[in-house]
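Participant: The file below is my_file_4.cif, mmCIF, C-alpha atoms and all ligand atoms:
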```
data_start
#
loop_
_atom_site.label_atom_id
_atom_site.label_comp_id
_atom_site.auth_asym_id
_atom_site.auth_seq_id
_atom_site.Cartn_x
_atom_site.Cartn_y
_atom_site.Cartn_z
CA MET A 30 143.52 108.61 140.23
CA LYS A 31 145.47 111.24 138.33
CA LEU A 32 143.92 110.03 135.05
CA LEU A 33 140.41 110.75 136.20
CA ARG A 34 141.07 114.40 137.08
CA PHE A 35 140.10 116.05 133.76
CA SER A 36 140.08 119.79 133.61
CA GLY A 37 136.84 121.51 132.56
CA PRO A 38 137.85 122.53 128.98
CA PHE A 39 139.45 119.13 128.37
CA LEU A 40 136.27 117.36 129.41
CA LEU A 41 134.26 119.61 127.09
CA LEU A 42 136.59 118.81 124.19
CA LEU A 43 136.39 115.13 124.98
CA LEU A 44 132.59 115.23 124.95
CA LEU A 45 132.57 117.20 121.71
CA GLY A 46 134.96 114.67 120.19
CA LEU A 47 132.73 111.81 121.24
CA SER A 48 129.64 113.42 119.76
CA LEU A 49 131.49 114.05 116.49
CA VAL A 50 132.52 110.42 116.30
CA LYS A 51 128.91 109.49 117.01
CA CYS A 52 127.62 111.65 114.15
CA LYS A 53 129.94 109.97 111.67
CA SER A 54 128.45 106.55 112.20
CA PRO A 55 125.91 105.67 109.49
CA LEU A 56 123.54 104.61 112.22
CA ASP A 57 123.38 108.19 113.42
CA LEU A 58 122.90 109.77 110.02
CA ASN A 59 119.25 108.86 110.34
CA LEU A 60 118.37 112.41 111.28
CA GLY A 61 116.57 111.47 114.43
CA THR A 62 114.67 108.57 112.89
CA VAL A 63 114.52 105.56 115.19
CA VAL A 64 115.02 102.41 113.13
CA PRO A 65 113.27 99.31 114.48
CA THR A 66 115.74 96.41 114.66
CA PRO A 67 115.08 92.83 115.76
CA SER A 68 116.82 91.89 119.01
CA ASP A 69 118.65 89.00 117.31
CA ASN A 70 120.09 91.25 114.60
CA PRO A 71 121.41 94.53 116.01
CA GLN A 72 122.86 97.01 113.48
CA SER A 73 126.61 97.55 113.24
CA GLU A 74 128.71 99.37 110.69
CA ALA A 75 130.69 96.24 109.80
CA LYS A 76 127.51 94.21 109.33
CA ILE A 77 125.91 96.85 107.10
CA GLU A 78 129.09 96.93 104.98
CA LEU A 79 129.11 93.13 104.60
CA GLY A 80 125.40 93.29 103.67
CA ARG A 81 126.12 95.99 101.09
CA LYS A 82 128.79 93.81 99.42
CA LEU A 83 126.42 90.83 99.29
CA PHE A 84 123.58 92.99 97.92
CA PHE A 85 125.74 93.91 94.90
CA ASP A 86 127.30 90.42 94.48
CA THR A 87 126.13 88.66 91.29
CA ARG A 88 127.43 85.32 92.63
CA LEU A 89 124.14 85.14 94.55
CA SER A 90 122.55 84.07 91.24
CA ILE A 91 123.22 80.63 89.71
CA ASP A 92 124.87 81.98 86.54
CA GLY A 93 126.59 84.97 88.16
CA THR A 94 124.60 87.58 86.20
CA VAL A 95 122.09 88.96 88.69
CA SER A 96 122.49 90.65 92.08
CA CYS A 97 119.85 92.14 94.37
CA ALA A 98 120.83 95.53 92.91
CA THR A 99 119.90 94.37 89.38
CA CYS A 100 116.25 94.89 90.32
CA HIS A 101 116.72 97.27 93.26
CA LYS A 102 119.02 99.97 91.83
CA PRO A 103 120.26 102.67 94.24
CA GLY A 104 120.05 105.39 91.56
CA ARG A 105 116.41 104.51 90.90
CA ALA A 106 115.17 104.63 94.49
CA PHE A 107 116.01 100.90 94.70
CA THR A 108 113.57 99.95 91.92
CA ASP A 109 114.46 99.29 88.25
CA ASN A 110 111.80 101.39 86.47
CA LEU A 111 110.73 98.32 84.48
CA LYS A 112 107.16 97.06 84.21
CA VAL A 113 108.37 93.71 85.53
CA SER A 114 112.01 92.85 86.26
CA GLU A 115 114.49 90.69 84.45
CA GLY A 116 116.11 87.82 86.34
CA ILE A 117 118.54 85.13 85.15
CA ARG A 118 118.49 83.99 81.50
CA GLY A 119 116.26 86.86 80.43
CA GLN A 120 113.32 85.58 82.46
CA HIS A 121 110.72 88.03 83.71
CA THR A 122 109.36 88.32 87.21
CA GLU A 123 105.60 88.31 87.63
CA ARG A 124 105.61 91.59 89.53
CA ASN A 125 107.06 95.09 89.49
CA SER A 126 110.07 95.61 91.82
CA PRO A 127 109.10 97.69 94.84
CA SER A 128 111.49 100.23 96.35
CA ILE A 129 113.24 98.82 99.38
CA LEU A 130 114.03 102.25 100.86
CA ASN A 131 112.68 102.50 104.41
CA SER A 132 112.20 98.73 104.45
CA ALA A 133 113.32 98.88 108.11
CA PHE A 134 109.75 99.99 108.85
CA LEU A 135 108.01 97.22 106.90
CA LYS A 136 105.45 95.41 109.02
CA THR A 137 105.12 92.80 106.28
CA ALA A 138 107.15 92.21 103.12
CA MET A 139 105.99 91.42 99.57
CA PHE A 140 102.81 92.47 97.76
CA ASP A 141 101.03 89.58 99.52
CA ALA A 142 101.89 91.14 102.90
CA HIS A 143 102.76 87.70 104.21
CA LEU A 144 106.47 87.69 105.18
CA GLU A 145 107.09 89.03 108.64
CA THR A 146 110.78 89.90 108.54
CA LEU A 147 113.42 91.11 106.10
CA GLU A 148 115.60 88.21 107.23
CA LEU A 149 113.00 85.75 105.89
CA GLN A 150 112.57 87.67 102.64
CA VAL A 151 116.25 87.44 101.59
CA ILE A 152 116.10 83.74 100.69
CA VAL A 153 113.08 84.14 98.39
CA PRO A 154 114.74 85.90 95.39
CA ILE A 155 117.88 83.75 95.77
CA GLN A 156 115.89 80.55 95.26
CA GLU A 157 113.19 81.92 92.91
CA LYS A 158 113.65 80.32 89.44
CA THR A 159 113.00 83.54 87.51
CA GLU A 160 115.12 85.78 89.76
CA MET A 161 118.44 84.27 90.94
CA GLY A 162 117.68 80.52 90.62
CA HIS A 163 120.28 79.42 93.17
CA ASN A 164 120.01 77.03 96.13
CA MET A 165 121.32 77.92 99.56
CA LYS A 166 123.51 74.81 99.96
CA ASP A 167 125.55 75.41 96.81
CA LEU A 168 125.59 79.16 97.32
CA MET A 169 127.12 78.75 100.79
CA LYS A 170 129.97 76.71 99.29
CA VAL A 171 130.69 79.51 96.81
CA LEU A 172 130.56 82.35 99.34
CA ARG A 173 132.44 80.48 102.07
CA ALA A 174 135.33 80.03 99.64
CA ASP A 175 135.72 83.82 99.54
CA PRO A 176 138.28 84.68 102.25
CA ALA A 177 136.93 88.22 102.69
CA TYR A 178 133.41 86.94 103.43
CA GLN A 179 134.72 84.21 105.71
CA LYS A 180 136.84 86.72 107.64
CA ALA A 181 133.93 89.15 108.01
CA ALA A 182 131.62 86.35 109.19
CA GLN A 183 134.13 85.38 111.88
CA GLU A 184 134.71 88.95 113.01
CA ILE A 185 131.05 90.03 113.10
CA PHE A 186 129.16 86.82 113.89
CA HIS A 187 131.95 84.59 115.32
CA ARG A 188 130.95 81.73 113.00
CA ASP A 189 131.60 80.41 109.50
CA PHE A 190 129.84 82.16 106.65
CA ASP A 191 126.38 80.59 106.44
CA ALA A 192 122.74 81.43 105.68
CA TRP A 193 122.38 83.15 109.08
CA VAL A 194 125.29 85.48 108.26
CA LEU A 195 123.95 86.13 104.75
CA THR A 196 120.36 86.94 105.73
CA ARG A 197 121.33 88.99 108.82
CA SER A 198 123.86 91.16 107.01
CA ILE A 199 121.73 91.86 103.93
CA SER A 200 118.83 92.80 106.21
CA ALA A 201 121.09 95.10 108.24
CA TYR A 202 122.12 96.83 104.99
CA GLU A 203 118.47 97.19 103.98
CA ARG A 204 117.64 98.72 107.37
CA SER A 205 120.30 101.36 106.72
CA LEU A 206 118.52 102.54 103.55
CA LEU A 207 116.50 105.45 104.85
CA SER A 208 114.71 108.12 102.89
CA MET A 209 112.85 110.06 105.55
CA ASN A 210 114.16 113.60 105.11
CA SER A 211 112.13 114.90 102.17
CA GLY A 212 110.73 118.42 101.93
CA PHE A 213 107.56 117.02 103.48
CA ASP A 214 109.50 115.66 106.49
CA GLN A 215 111.40 118.91 106.97
CA TYR A 216 108.11 120.80 106.81
CA GLN A 217 106.60 118.47 109.42
CA LYS A 218 109.62 119.13 111.66
CA GLY A 219 108.89 122.84 111.58
CA ASN A 220 110.79 124.21 108.55
CA LYS A 221 107.98 126.26 107.04
CA HIS A 222 109.98 126.92 103.86
CA ALA A 223 110.58 123.25 103.07
CA MET A 224 107.35 123.03 101.04
CA ASN A 225 106.01 125.61 98.60
CA ALA A 226 102.35 126.70 98.37
CA THR A 227 101.50 124.26 95.55
CA GLU A 228 103.01 121.30 97.43
CA LYS A 229 101.14 122.28 100.59
CA ALA A 230 97.86 122.55 98.67
CA GLY A 231 98.55 119.06 97.28
CA TRP A 232 99.12 117.65 100.79
CA LYS A 233 95.83 119.21 101.94
CA LEU A 234 93.97 117.62 99.00
CA PHE A 235 95.65 114.25 99.58
CA SER A 236 95.06 114.15 103.33
CA GLU A 237 91.85 116.15 103.89
CA THR A 238 89.74 116.57 100.76
CA LEU A 239 90.37 113.11 99.32
CA TYR A 240 90.50 109.78 101.12
CA CYS A 241 94.07 108.74 100.20
CA THR A 242 95.50 108.73 103.77
CA LYS A 243 93.04 105.95 104.75
CA CYS A 244 95.52 103.58 103.10
CA HIS A 245 98.54 105.84 102.49
CA PRO A 246 98.95 107.67 105.86
CA ALA A 247 102.05 109.68 106.83
CA PRO A 248 104.79 109.11 107.75
CA TYR A 249 105.27 105.89 105.73
CA PHE A 250 102.37 106.50 103.32
CA THR A 251 101.20 102.90 103.69
CA THR A 252 99.35 100.84 106.29
CA TYR A 253 101.39 97.76 105.16
CA VAL A 254 98.04 95.96 104.82
CA ALA A 255 96.90 94.19 101.63
CA GLU A 256 93.91 95.96 100.06
CA ASN A 257 91.90 95.73 96.85
CA ASN A 258 92.09 99.15 95.17
CA GLY A 259 89.99 98.07 92.19
CA LEU A 260 92.87 97.96 89.74
CA TYR A 261 90.92 95.41 87.69
CA ALA A 262 87.19 94.74 87.46
CA SER A 263 87.94 91.02 87.55
CA TYR A 264 90.94 88.82 88.29
CA GLU A 265 89.43 85.77 86.61
CA GLY A 266 92.00 84.02 84.43
CA LYS A 267 94.83 86.21 85.80
CA SER A 268 97.83 84.28 87.09
CA ASP A 269 98.38 86.90 89.80
CA GLN A 270 95.35 87.36 92.02
CA GLY A 271 97.33 88.91 94.88
CA ARG A 272 97.26 87.70 98.47
CA PHE A 273 94.72 85.03 97.44
CA ARG A 274 97.72 82.86 96.51
CA ILE A 275 98.81 82.60 100.16
CA HIS A 276 95.71 81.23 101.93
CA HIS A 277 93.31 80.66 99.01
CA ASP A 278 90.79 82.81 100.84
CA SER A 279 88.47 84.20 98.15
CA LEU A 280 88.13 87.46 100.12
CA ASP A 281 91.82 88.07 99.37
CA ILE A 282 91.38 88.18 95.58
CA GLY A 283 92.90 91.35 94.13
CA LYS A 284 94.47 92.36 97.44
CA PHE A 285 98.01 93.72 97.29
CA LYS A 286 100.05 95.35 100.03
CA VAL A 287 99.57 99.13 99.92
CA PRO A 288 102.85 100.57 98.55
CA SER A 289 104.56 103.54 100.18
CA LEU A 290 104.33 106.70 98.09
CA ARG A 291 107.73 108.02 99.19
CA ASN A 292 109.92 108.92 96.17
CA LEU A 293 106.87 108.24 93.96
CA PRO A 294 108.11 110.25 90.92
CA LEU A 295 111.21 107.98 90.88
CA THR A 296 109.52 104.59 91.28
CA TYR A 297 107.48 104.38 88.04
CA PRO A 298 105.83 102.35 86.57
CA TYR A 299 103.14 101.75 89.19
CA MET A 300 101.03 98.97 90.76
CA HIS A 301 102.03 95.33 91.43
CA ASP A 302 102.24 94.60 87.68
CA GLY A 303 103.66 97.95 86.58
CA SER A 304 100.56 98.41 84.43
CA LEU A 305 100.17 102.15 85.06
CA GLU A 306 103.08 104.09 83.58
CA THR A 307 102.60 107.57 84.99
CA ILE A 308 101.28 109.33 88.09
CA ASP A 309 98.57 110.82 85.84
CA GLU A 310 97.39 107.32 84.91
CA VAL A 311 97.23 106.43 88.63
CA LEU A 312 95.24 109.59 89.37
CA ASN A 313 92.84 108.75 86.51
CA HIS A 314 92.31 105.35 88.13
CA TYR A 315 91.22 106.92 91.43
CA VAL A 316 89.24 109.78 89.81
CA LYS A 317 86.99 107.25 88.10
CA GLY A 318 86.59 105.43 91.44
CA GLY A 319 88.54 102.32 90.45
CA ASN A 320 87.31 99.61 88.09
CA GLY A 321 84.63 98.37 90.47
CA HIS A 322 85.88 94.91 91.47
CA PRO A 323 83.25 93.34 93.79
CA LEU A 324 85.87 93.29 96.58
CA GLN A 325 87.14 96.80 95.89
CA ASN A 326 87.60 98.73 99.15
CA LYS A 327 84.49 100.89 99.72
CA THR A 328 86.62 103.97 100.47
CA ILE A 329 87.48 104.27 96.79
CA VAL A 330 84.75 106.32 95.11
CA PRO A 331 84.81 108.66 92.08
CA PHE A 332 85.75 112.34 92.51
CA GLN A 333 86.46 115.40 90.39
CA LEU A 334 89.94 116.83 89.99
CA THR A 335 90.64 120.17 88.27
CA ALA A 336 93.84 120.62 86.25
CA GLN A 337 95.16 122.84 89.03
CA GLU A 338 94.39 120.27 91.75
CA ARG A 339 96.11 117.57 89.69
CA LYS A 340 99.17 119.82 89.50
CA GLN A 341 99.04 120.32 93.27
CA LEU A 342 98.85 116.59 93.99
CA LYS A 343 101.82 115.93 91.70
CA ALA A 344 103.78 118.73 93.37
CA PHE A 345 103.06 117.12 96.75
CA PHE A 346 104.49 113.79 95.47
CA ASN A 347 107.66 115.69 94.48
CA ALA A 348 107.91 116.84 98.10
CA LEU A 349 108.17 113.15 99.11
CA ILE A 350 111.52 112.72 97.33
CA ASP A 351 114.65 112.35 99.48
CA THR A 352 117.71 110.96 97.71
CA GLY A 353 120.08 111.71 100.61
CA TYR A 354 120.73 107.96 100.91
CA LEU A 355 122.86 108.19 97.75
CA ASN A 356 125.48 110.24 99.63
CA ARG A 357 125.76 107.99 102.64
C1 LIG B 1 114.93 89.72 89.27
C2 LIG B 1 114.56 90.85 90.10
C3 LIG B 1 114.79 90.84 91.57
C4 LIG B 1 115.92 90.44 92.26
C5 LIG B 1 117.20 89.88 91.70
C6 LIG B 1 115.67 90.71 93.65
N1 LIG B 1 114.43 91.25 93.81
FE1 LIG B 1 113.60 91.91 95.53
N2 LIG B 1 111.83 92.08 94.64
C7 LIG B 1 111.58 91.90 93.28
C8 LIG B 1 110.17 91.85 93.06
C9 LIG B 1 109.48 91.68 91.71
C10 LIG B 1 109.54 91.98 94.32
C11 LIG B 1 108.04 91.93 94.63
C12 LIG B 1 107.74 90.44 94.90
C13 LIG B 1 106.38 90.15 95.46
O1 LIG B 1 105.76 91.01 96.08
O2 LIG B 1 105.91 89.01 95.29
C14 LIG B 1 110.62 92.14 95.28
C15 LIG B 1 110.42 92.37 96.65
C16 LIG B 1 111.45 92.61 97.55
C17 LIG B 1 111.27 93.04 98.93
C18 LIG B 1 109.94 93.33 99.61
C19 LIG B 1 109.64 94.80 99.60
C20 LIG B 1 108.28 95.16 100.14
O3 LIG B 1 107.93 96.35 100.14
O4 LIG B 1 107.53 94.27 100.54
C21 LIG B 1 112.52 93.13 99.48
C22 LIG B 1 112.85 93.55 100.90
C23 LIG B 1 113.47 92.73 98.46
N3 LIG B 1 112.78 92.44 97.30
C24 LIG B 1 114.83 92.60 98.65
C25 LIG B 1 115.65 91.89 97.77
C26 LIG B 1 116.95 91.35 98.11
C27 LIG B 1 117.63 91.49 99.47
C28 LIG B 1 117.44 90.72 97.00
C29 LIG B 1 118.72 89.95 96.85
C30 LIG B 1 118.93 88.83 97.76
C31 LIG B 1 116.42 90.89 95.96
N4 LIG B 1 115.36 91.58 96.48
C32 LIG B 1 116.56 90.44 94.67
C33 LIG B 1 112.55 91.76 92.32
C34 LIG B 1 113.85 91.33 92.58
C1 LIG B 2 91.65 101.16 100.14
C2 LIG B 2 93.06 101.51 100.18
C3 LIG B 2 93.56 102.57 99.25
C4 LIG B 2 93.14 103.88 99.12
C5 LIG B 2 92.00 104.56 99.85
C6 LIG B 2 94.05 104.51 98.17
N1 LIG B 2 94.98 103.61 97.75
FE1 LIG B 2 96.50 103.97 96.49
N2 LIG B 2 97.00 102.00 96.51
C7 LIG B 2 96.36 101.02 97.23
C8 LIG B 2 96.87 99.72 96.86
C9 LIG B 2 96.45 98.38 97.44
C10 LIG B 2 97.83 99.94 95.86
C11 LIG B 2 98.63 98.88 95.11
C12 LIG B 2 97.74 98.12 94.16
C13 LIG B 2 98.49 97.17 93.26
O1 LIG B 2 99.70 97.06 93.37
O2 LIG B 2 97.87 96.54 92.41
C14 LIG B 2 97.88 101.39 95.67
C15 LIG B 2 98.74 102.03 94.79
C16 LIG B 2 98.84 103.41 94.65
C17 LIG B 2 99.83 104.07 93.86
C18 LIG B 2 100.96 103.39 93.08
C19 LIG B 2 102.18 103.24 93.94
C20 LIG B 2 103.22 102.34 93.36
O3 LIG B 2 104.39 102.51 93.72
O4 LIG B 2 102.92 101.45 92.56
C21 LIG B 2 99.61 105.41 93.97
C22 LIG B 2 100.40 106.54 93.34
C23 LIG B 2 98.45 105.58 94.81
N3 LIG B 2 98.00 104.34 95.21
C24 LIG B 2 97.88 106.80 95.12
C25 LIG B 2 96.68 106.93 95.80
C26 LIG B 2 95.93 108.16 95.88
C27 LIG B 2 96.35 109.47 95.25
C28 LIG B 2 94.82 107.89 96.61
C29 LIG B 2 93.68 108.83 96.94
C30 LIG B 2 92.95 109.35 95.80
C31 LIG B 2 94.88 106.48 96.99
N4 LIG B 2 96.01 105.93 96.47
C32 LIG B 2 93.95 105.83 97.77
C33 LIG B 2 95.40 101.24 98.19
C34 LIG B 2 94.71 102.41 98.36
#
```
With the file now loaded, output its structure as structure tokens.

Facilitator:
Amino acid sequence: MKLLRFSGPFLLLLLLGLSLVKCKSPLDLNLGTVVPTPSDNPQSEAKIELGRKLFFDTRLSIDGTVSCATCHKPGRAFTDNLKVSEGIRGQHTERNSPSILNSAFLKTAMFDAHLETLELQVIVPIQEKTEMGHNMKDLMKVLRADPAYQKAAQEIFHRDFDAWVLTRSISAYERSLLSMNSGFDQYQKGNKHAMNATEKAGWKLFSETLYCTKCHPAPYFTTYVAENNGLYASYEGKSDQGRFRIHHDSLDIGKFKVPSLRNLPLTYPYMHDGSLETIDEVLNHYVKGGNGHPLQNKTIVPFQLTAQERKQLKAFFNALIDTGYLNR
């Protein structure tokens, strides 16, 4: 019983100590953000670390030249700033690499908005001919032969290294990649100095004067739904017609998942094919009311934008940058 009789100050110190330990865990560096996690894949520090190693491991590709980080580079907001990416043997992907920051909040993955979990997504690039070109059976042999991976699989999952271990740990790492503490977020939490007057004017334009938040609402700046924003007047003859490829429903032609606009100045070039190089080009697209595809969402109509308003919108996009994840 003696052990249980803590004195007041000792108890206080103990509690303080516990809360300090708690703050050090990467799971608690999320600054109050609750990260949705599937019940069959709870986050743990060891799992995130294993996922991080796998994410940077070029052995995931058939010729050992490409890792997930080849196309999703931490220093570039987990994009690669290329129009389309380069996979094994100099091959090009069909689409522009999206940022995977905040992917914990994805309701659907990919531009076709068709994959429901991160766990399912992991196997796609590994097996895709132009990306990593591997097959899971052979890849498991390679990774299982690595004693460090095998040991981690046993310790964390109590099983041999297999596809379950691979997809669960990479997804756990992805869920740890948060960028939700930008100037905009701090402003929303009550820090009135976190945004300057120009940025605030830009937010007002974006959310009240214009119609942008219909598809790019805060806090994630996407609805995660596939929409046709009139990027092209016609998709005839184009190999990529968007979500149409999934169900061959003609109403899906030209529909792509709405991208988040967080870290926008870092994630150029823009759109599913990287066809617009700058934020100005994107704004020009919306100012003219899109290119008038028959299925273009009716919300998108032409509007006027003065030079000052353009500056304000761009300043607002700067207020959506949070690179704190680089220090974690
Ligand atoms: C060769 C470049 C390349 C490699 C390697 C690559 N990706 Fe991607 N990634 C892309 C492209 C391009 C897309 C968009 C594909 C689409 O929408 O059809 C994408 C999409 C994603 C998405 C969906 C994001 C969203 O907003 O829907 C996730 C998550 C992702 N990749 C994670 C990974 C992981 C994990 C790996 C390693 C196992 C990986 N990627 C390897 C290029 C790459
Ligand atoms: C009807 C839905 C919708 C509305 C309204 C809308 N967007 Fe978009 N936005 C999209 C879709 C869909 C894409 C991606 C299209 C593609 O990849 O081809 C996109 C892409 C973008 C991109 C490029 C992001 C990237 O990473 O590639 C920016 C920037 C953007 N929109 C800004 C705006 C602004 C500013 C407004 C308001 C003037 C606006 N959007 C209104 C649906 C919409």

Participant: Hey, which residues come within 7 Å of ligand LIG 2 (chain B) if we count all atoms listed in the file? Could you give them as a PyMOL selection string?

Facilitator: chain A and resi 127+235+239-245+255-258+260+284-290+293+296-303+308+311-312+315+326+328-329

Participant: Nearest residue to ligand LIG 1 (chain B) out of A:Ala348, A:Leu295, A:Leu79, A:Leu147, using all atoms listed in the file?

Facilitator: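 Looking at the shortest contact to ligand LIG 1 (chain B), the residue is A:Leu147.
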
Participant: Using only the atoms of ligand LIG 1 (chain B) listed in the file, plus 5 Å on each side, state the axis-aligned box centre and edge lengths in Å rounded to one decimal, as JSON.

Facilitator:
```
{"center_x": 112.3, "center_y": 92.6, "center_z": 95.1, "size_x": 23.2, "size_y": 17.5, "size_z": 21.6}
```

Participant: Quick check, in Å to one decimal: how far apart do CA of His101 (chain A) and atom C28 of ligand LIG 1 (chain B) lie?

Facilitator: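 Computing the Euclidean distance for CA of His101 (chain A) and atom C28 of ligand LIG 1 (chain B) yields 7.6 Å.
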
Participant: Which one of A:Met209, A:Met165, A:Met224, A:Ile185 sits closest to ligand LIG 1 (chain B) if you count all atoms listed in the file?

Facilitator: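 When distances to ligand LIG 1 (chain B) are compared using all atoms listed in the file, the smallest one comes from A:Met165.
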
Participant: May I ask for the distance between CA of Phe346 (chain A) and atom C32 of ligand LIG 1 (chain B), given in Å to one decimal place?

Facilitator: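 If I compute the distance from CA of Phe346 (chain A) to atom C32 of ligand LIG 1 (chain B), I get 26.3 Å.
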
Participant: Kindly work out which residues sit at most 8 Å from ligand LIG 1 (chain B), using all atoms listed in the file, and give the list as a PyMOL selection string.

Facilitator: chain A and resi 83-84+89-90+95-101+113-117+121-129+132+135+137-142+147+150-155+159-161+199-200+203+286+288-289+301

Participant: Measure the distance from CA of Thr66 (chain A) to CA of Arg204 (chain A) in Å and round it to one decimal.

Facilitator: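 Calculated distance between CA of Thr66 (chain A) and CA of Arg204 (chain A) is 7.9 Å.
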
Participant: Using all atoms listed in the file, which of the listed residues (A:Phe186, A:Tyr178, A:Tyr261, A:Tyr253) sits closest to Asn70 (chain A)?

Facilitator: A:Phe186

Participant: Taking into account only C-alpha atoms, which residue in the set A:Gly80, A:Gly259, A:Pro103, A:Pro65 is nearest to Gly353 (chain A)?

Facilitator: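 Looking only at the distances to Gly353 (chain A), the closest residue turns out to be A:Pro103.
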
Participant: Nearest to Arg357 (chain A) among A:Leu207, A:Gly93, A:His143, A:Lys76, with distances taken over only C-alpha atoms: which residue is it?

Facilitator: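 Among A:Leu207, A:Gly93, A:His143, A:Lys76, it is A:Leu207 that comes nearest to Arg357 (chain A).
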
Participant: Give the answer as one residue: which of A:Gln215, A:Asn320, A:Thr238, A:Ser263 has the shortest atom-to-atom distance to Gln333 (chain A), using all atoms listed in the file?

Facilitator: A:Thr238

Participant: Would you pick out the contacts of Ala344 (chain A) at 7 Å or less, using only C-alpha atoms, so that residues sharing its chain but fewer than 4 positions from it are not included, and give the list as an mmCIF file with C-alpha atoms, keeping the file's coordinate frame?

Facilitator:
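As written to disk, selection-v1.cif reads:
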```
data_model
loop_
_atom_site.group_PDB
_atom_site.id
_atom_site.type_symbol
_atom_site.label_atom_id
_atom_site.label_comp_id
_atom_site.auth_asym_id
_atom_site.auth_seq_id
_atom_site.Cartn_x
_atom_site.Cartn_y
_atom_site.Cartn_z
ATOM 1 C CA THR A 227 101.500 124.260 95.550
ATOM 2 C CA GLU A 228 103.010 121.300 97.430
ATOM 3 C CA GLY A 231 98.550 119.060 97.280
ATOM 4 C CA LYS A 340 99.170 119.820 89.500
ATOM 5 C CA ALA A 348 107.910 116.840 98.100
#
```

Participant: Which residues come within 10 Å of Leu334 (chain A), counting only C-alpha atoms, excluding same-chain residues fewer than 3 positions away, as JSON, numbers by chain?

Facilitator: {"A": [234, 312, 313, 316, 331, 337, 338, 339, 340, 342]}

Participant: Give me a file of those residues, with C-alpha atoms, as a PDB file, in the frame of the given file.

Facilitator:
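Dumped everything to result-v4.pdb:
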```pdb
ATOM      1  CA  LEU A 234      93.970 117.620  99.000  1.00  0.00           C
ATOM      2  CA  LEU A 312      95.240 109.590  89.370  1.00  0.00           C
ATOM      3  CA  ASN A 313      92.840 108.750  86.510  1.00  0.00           C
ATOM      4  CA  VAL A 316      89.240 109.780  89.810  1.00  0.00           C
ATOM      5  CA  PRO A 331      84.810 108.660  92.080  1.00  0.00           C
ATOM      6  CA  GLN A 337      95.160 122.840  89.030  1.00  0.00           C
ATOM      7  CA  GLU A 338      94.390 120.270  91.750  1.00  0.00           C
ATOM      8  CA  ARG A 339      96.110 117.570  89.690  1.00  0.00           C
ATOM      9  CA  LYS A 340      99.170 119.820  89.500  1.00  0.00           C
ATOM     10  CA  LEU A 342      98.850 116.590  93.990  1.00  0.00           C
TER      11      LEU A 342
END
```

Participant: Give me, as a VMD selection string, all polymer residues having an atom no more than 12 Å from Asn356 (chain A), counting all atoms listed in the file and skipping those fewer than 3 positions away in the same chain.

Facilitator: chain A and resid 55 58 103 to 104 206 to 208 351 to 353

Participant: List the neighbours of Arg81 (chain A) out to 8 Å using all atoms listed in the file; skip same-chain residues closer than 4 positions along the sequence, and give me the result as a PyMOL selection string.

Facilitator: chain A and resi 77+85+198-199+202

Participant: How would region 257-267 of chain A read, as a CSV table (one decimal), keeping the file's coordinate frame, once N, CA and C atoms are built in?

Facilitator:
```
chain,number,residue,atom,x,y,z
A,257,ASN,N,92.3,95.8,98.3
A,257,ASN,CA,91.9,95.7,96.8
A,257,ASN,C,91.5,97.2,96.4
A,258,ASN,N,92.4,97.8,95.6
A,258,ASN,CA,92.1,99.2,95.2
A,258,ASN,C,91.4,99.2,93.8
A,259,GLY,N,90.8,98.1,93.4
A,259,GLY,CA,90.0,98.1,92.2
A,259,GLY,C,90.8,98.3,90.9
A,260,LEU,N,92.0,97.8,90.9
A,260,LEU,CA,92.9,98.0,89.7
A,260,LEU,C,92.2,97.3,88.5
A,261,TYR,N,91.6,96.1,88.8
A,261,TYR,CA,90.9,95.4,87.7
A,261,TYR,C,89.5,95.1,88.1
A,262,ALA,N,88.6,95.1,87.2
A,262,ALA,CA,87.2,94.7,87.5
A,262,ALA,C,87.1,93.3,87.8
A,263,SER,N,88.0,92.5,87.3
A,263,SER,CA,87.9,91.0,87.6
A,263,SER,C,89.4,90.5,87.5
A,264,TYR,N,89.6,89.5,88.3
A,264,TYR,CA,90.9,88.8,88.3
A,264,TYR,C,90.8,87.4,87.7
A,265,GLU,N,89.6,87.1,87.2
A,265,GLU,CA,89.4,85.8,86.6
A,265,GLU,C,90.4,85.5,85.5
A,266,GLY,N,91.1,84.4,85.5
A,266,GLY,CA,92.0,84.0,84.4
A,266,GLY,C,93.4,84.7,84.6
A,267,LYS,N,93.5,85.6,85.6
A,267,LYS,CA,94.8,86.2,85.8
A,267,LYS,C,95.7,85.3,86.7
```
